[in-house]
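Pasted below: my_file_38.pdb, PDB, C-alpha atoms.
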```pdb
ATOM      1  CA  MET A   1     -20.060   9.739  -1.622  1.00  0.00           C
ATOM      2  CA  VAL A   2     -16.891   7.859  -0.680  1.00  0.00           C
ATOM      3  CA  CYS A   3     -17.401   4.901   1.627  1.00  0.00           C
ATOM      4  CA  GLU A   4     -15.034   4.081   4.462  1.00  0.00           C
ATOM      5  CA  ARG A   5     -13.577   1.136   2.547  1.00  0.00           C
ATOM      6  CA  ASP A   6     -12.780   3.301  -0.490  1.00  0.00           C
ATOM      7  CA  ALA A   7     -11.119   5.901   1.735  1.00  0.00           C
ATOM      8  CA  TRP A   8      -9.068   3.147   3.414  1.00  0.00           C
ATOM      9  CA  VAL A   9      -7.930   1.766   0.041  1.00  0.00           C
ATOM     10  CA  ALA A  10      -7.063   5.262  -1.206  1.00  0.00           C
ATOM     11  CA  GLU A  11      -4.859   5.855   1.846  1.00  0.00           C
ATOM     12  CA  VAL A  12      -3.228   2.404   1.487  1.00  0.00           C
ATOM     13  CA  ASP A  13      -2.513   3.202  -2.170  1.00  0.00           C
ATOM     14  CA  ARG A  14      -1.073   6.617  -1.251  1.00  0.00           C
ATOM     15  CA  VAL A  15       1.335   5.111   1.309  1.00  0.00           C
ATOM     16  CA  MET A  16       2.313   2.242  -1.001  1.00  0.00           C
ATOM     17  CA  LYS A  17       2.978   4.606  -3.901  1.00  0.00           C
ATOM     18  CA  ARG A  18       5.009   6.917  -1.682  1.00  0.00           C
ATOM     19  CA  ASP A  19       7.221   4.166  -0.294  1.00  0.00           C
ATOM     20  CA  TRP A  20       7.283   1.482  -2.998  1.00  0.00           C
ATOM     21  CA  CYS A  21       5.877   3.095  -6.175  1.00  0.00           C
ATOM     22  CA  ILE A  22       3.112   0.463  -6.305  1.00  0.00           C
ATOM     23  CA  ASP A  23      -0.514   0.272  -5.244  1.00  0.00           C
ATOM     24  CA  THR A  24      -3.064  -2.393  -4.414  1.00  0.00           C
ATOM     25  CA  ALA A  25      -3.757  -3.026  -8.109  1.00  0.00           C
ATOM     26  CA  ASP A  26      -0.047  -3.454  -8.862  1.00  0.00           C
ATOM     27  CA  VAL A  27       0.369  -6.111  -6.167  1.00  0.00           C
ATOM     28  CA  GLY A  28      -2.641  -7.988  -7.506  1.00  0.00           C
ATOM     29  CA  LEU A  29      -4.970  -7.785  -4.526  1.00  0.00           C
ATOM     30  CA  SER A  30      -8.406  -9.090  -5.438  1.00  0.00           C
ATOM     31  CA  GLU A  31     -11.575  -7.334  -4.321  1.00  0.00           C
ATOM     32  CA  GLU A  32     -12.095 -10.152  -1.798  1.00  0.00           C
ATOM     33  CA  GLU A  33      -8.615  -9.662  -0.330  1.00  0.00           C
ATOM     34  CA  VAL A  34      -9.070  -5.899  -0.102  1.00  0.00           C
ATOM     35  CA  GLU A  35     -12.408  -6.425   1.629  1.00  0.00           C
ATOM     36  CA  ARG A  36     -10.891  -8.902   4.096  1.00  0.00           C
ATOM     37  CA  TYR A  37      -7.910  -6.667   4.934  1.00  0.00           C
ATOM     38  CA  TRP A  38     -10.189  -3.647   5.347  1.00  0.00           C
ATOM     39  CA  ARG A  39     -12.466  -5.600   7.709  1.00  0.00           C
ATOM     40  CA  ASP A  40      -9.423  -6.465   9.857  1.00  0.00           C
ATOM     41  CA  ASP A  41      -9.739  -2.803  10.935  1.00  0.00           C
ATOM     42  CA  ASN A  42      -6.022  -1.954  10.808  1.00  0.00           C
ATOM     43  CA  PRO A  43      -5.075   1.627   9.960  1.00  0.00           C
ATOM     44  CA  PRO A  44      -3.704   1.920   6.405  1.00  0.00           C
ATOM     45  CA  ASP A  45      -0.124   2.651   7.508  1.00  0.00           C
ATOM     46  CA  LEU A  46      -0.030  -0.438   9.745  1.00  0.00           C
ATOM     47  CA  PHE A  47      -1.506  -2.594   7.000  1.00  0.00           C
ATOM     48  CA  VAL A  48       1.119  -1.344   4.526  1.00  0.00           C
ATOM     49  CA  ALA A  49       3.932  -1.986   7.035  1.00  0.00           C
ATOM     50  CA  TRP A  50       2.636  -5.527   7.597  1.00  0.00           C
ATOM     51  CA  PHE A  51       2.226  -6.149   3.867  1.00  0.00           C
ATOM     52  CA  ALA A  52       5.711  -4.840   3.085  1.00  0.00           C
ATOM     53  CA  GLU A  53       7.250  -7.051   5.737  1.00  0.00           C
ATOM     54  CA  LYS A  54       5.272 -10.104   4.644  1.00  0.00           C
ATOM     55  CA  TYR A  55       6.350  -9.736   1.018  1.00  0.00           C
ATOM     56  CA  ASP A  56       9.835  -8.350   1.770  1.00  0.00           C
ATOM     57  CA  LEU A  57       9.280  -5.150  -0.196  1.00  0.00           C
ATOM     58  CA  VAL A  58      12.174  -2.775  -0.659  1.00  0.00           C
ATOM     59  CA  ARG A  59      11.352   0.840   0.161  1.00  0.00           C
ATOM     60  CA  PHE A  60      11.591   3.283  -2.742  1.00  0.00           C
ATOM     61  CA  GLU A  61      14.232   5.918  -2.146  1.00  0.00           C
ATOM     62  CA  PRO A  62      14.466   8.633  -4.795  1.00  0.00           C
ATOM     63  CA  LEU A  63      17.970   9.518  -5.918  1.00  0.00           C
ATOM     64  CA  ARG A  64      19.168  12.769  -4.451  1.00  0.00           C
ATOM     65  CA  GLY A  65      21.731  14.838  -6.262  1.00  0.00           C
ATOM     66  CA  ALA A  66      21.857  12.420  -9.180  1.00  0.00           C
ATOM     67  CA  VAL A  67      23.645  13.697 -12.231  1.00  0.00           C
ATOM     68  CA  ARG A  68      22.249  12.980 -15.678  1.00  0.00           C
ATOM     69  CA  THR A  69      24.825  11.483 -17.993  1.00  0.00           C
ATOM     70  CA  THR A  70      22.875  11.743 -21.251  1.00  0.00           C
TER      71      THR A  70
END
```

Would it be possible to restate this file's structure as structure tokens?
Amino acid sequence: MVCERDAWVAEVDRVMKRDWCIDTADVGLSEEEVERYWRDDNPPDLFVAWFAEKYDLVRFEPLRGAVRTT
């Protein structure tokens, strides 16, 4: 059974991977930090927006119409 915290982290990871190709493990969040952020009771998308702004993340934009040269 998935607890609410695990579901929250999974959604945070999904949004982070979609927009920045990273997740909570990649940014080095400790279990204590994850627990604290989860207890703040912010929806995952708002947490990710706050985190991205705080750490000045650059949104991942896939190349469209890129031509391979090799």

As a check of understanding, name the residues that the PyMOL selection byres ((chain A and resi 34-40) around 12) selects in the supplied structure, as a PDB file with C-alpha atoms, in the coordinates of the input.
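selection.pdb written:
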```
ATOM      1  CA  CYS A   3     -17.401   4.901   1.627  1.00  0.00           C
ATOM      2  CA  GLU A   4     -15.034   4.081   4.462  1.00  0.00           C
ATOM      3  CA  ARG A   5     -13.577   1.136   2.547  1.00  0.00           C
ATOM      4  CA  ASP A   6     -12.780   3.301  -0.490  1.00  0.00           C
ATOM      5  CA  ALA A   7     -11.119   5.901   1.735  1.00  0.00           C
ATOM      6  CA  TRP A   8      -9.068   3.147   3.414  1.00  0.00           C
ATOM      7  CA  VAL A   9      -7.930   1.766   0.041  1.00  0.00           C
ATOM      8  CA  ALA A  10      -7.063   5.262  -1.206  1.00  0.00           C
ATOM      9  CA  GLU A  11      -4.859   5.855   1.846  1.00  0.00           C
ATOM     10  CA  VAL A  12      -3.228   2.404   1.487  1.00  0.00           C
ATOM     11  CA  ASP A  13      -2.513   3.202  -2.170  1.00  0.00           C
ATOM     12  CA  ASP A  23      -0.514   0.272  -5.244  1.00  0.00           C
ATOM     13  CA  THR A  24      -3.064  -2.393  -4.414  1.00  0.00           C
ATOM     14  CA  ALA A  25      -3.757  -3.026  -8.109  1.00  0.00           C
ATOM     15  CA  VAL A  27       0.369  -6.111  -6.167  1.00  0.00           C
ATOM     16  CA  GLY A  28      -2.641  -7.988  -7.506  1.00  0.00           C
ATOM     17  CA  LEU A  29      -4.970  -7.785  -4.526  1.00  0.00           C
ATOM     18  CA  SER A  30      -8.406  -9.090  -5.438  1.00  0.00           C
ATOM     19  CA  GLU A  31     -11.575  -7.334  -4.321  1.00  0.00           C
ATOM     20  CA  GLU A  32     -12.095 -10.152  -1.798  1.00  0.00           C
ATOM     21  CA  GLU A  33      -8.615  -9.662  -0.330  1.00  0.00           C
ATOM     22  CA  ASP A  41      -9.739  -2.803  10.935  1.00  0.00           C
ATOM     23  CA  ASN A  42      -6.022  -1.954  10.808  1.00  0.00           C
ATOM     24  CA  PRO A  43      -5.075   1.627   9.960  1.00  0.00           C
ATOM     25  CA  PRO A  44      -3.704   1.920   6.405  1.00  0.00           C
ATOM     26  CA  LEU A  46      -0.030  -0.438   9.745  1.00  0.00           C
ATOM     27  CA  PHE A  47      -1.506  -2.594   7.000  1.00  0.00           C
ATOM     28  CA  VAL A  48       1.119  -1.344   4.526  1.00  0.00           C
ATOM     29  CA  TRP A  50       2.636  -5.527   7.597  1.00  0.00           C
ATOM     30  CA  PHE A  51       2.226  -6.149   3.867  1.00  0.00           C
TER      31      PHE A  51
END
```

Work out how far apart CA of Ala49 (chain A) and CA of Met16 (chain A) are and give it in Å to one decimal.
->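 It comes out at 9.2 Å.
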
How many Å lie between CA of Leu57 (chain A) and CA of Arg18 (chain A), rounded to one decimal?
-> 12.9 Å

Given the file above and the PyMOL selection byres ((chain A and resi 20) around 9), which residues are selected, and can you give them as an MDAnalysis selection string?
-> chainID A and resid 15:19 21:23 52 57:61
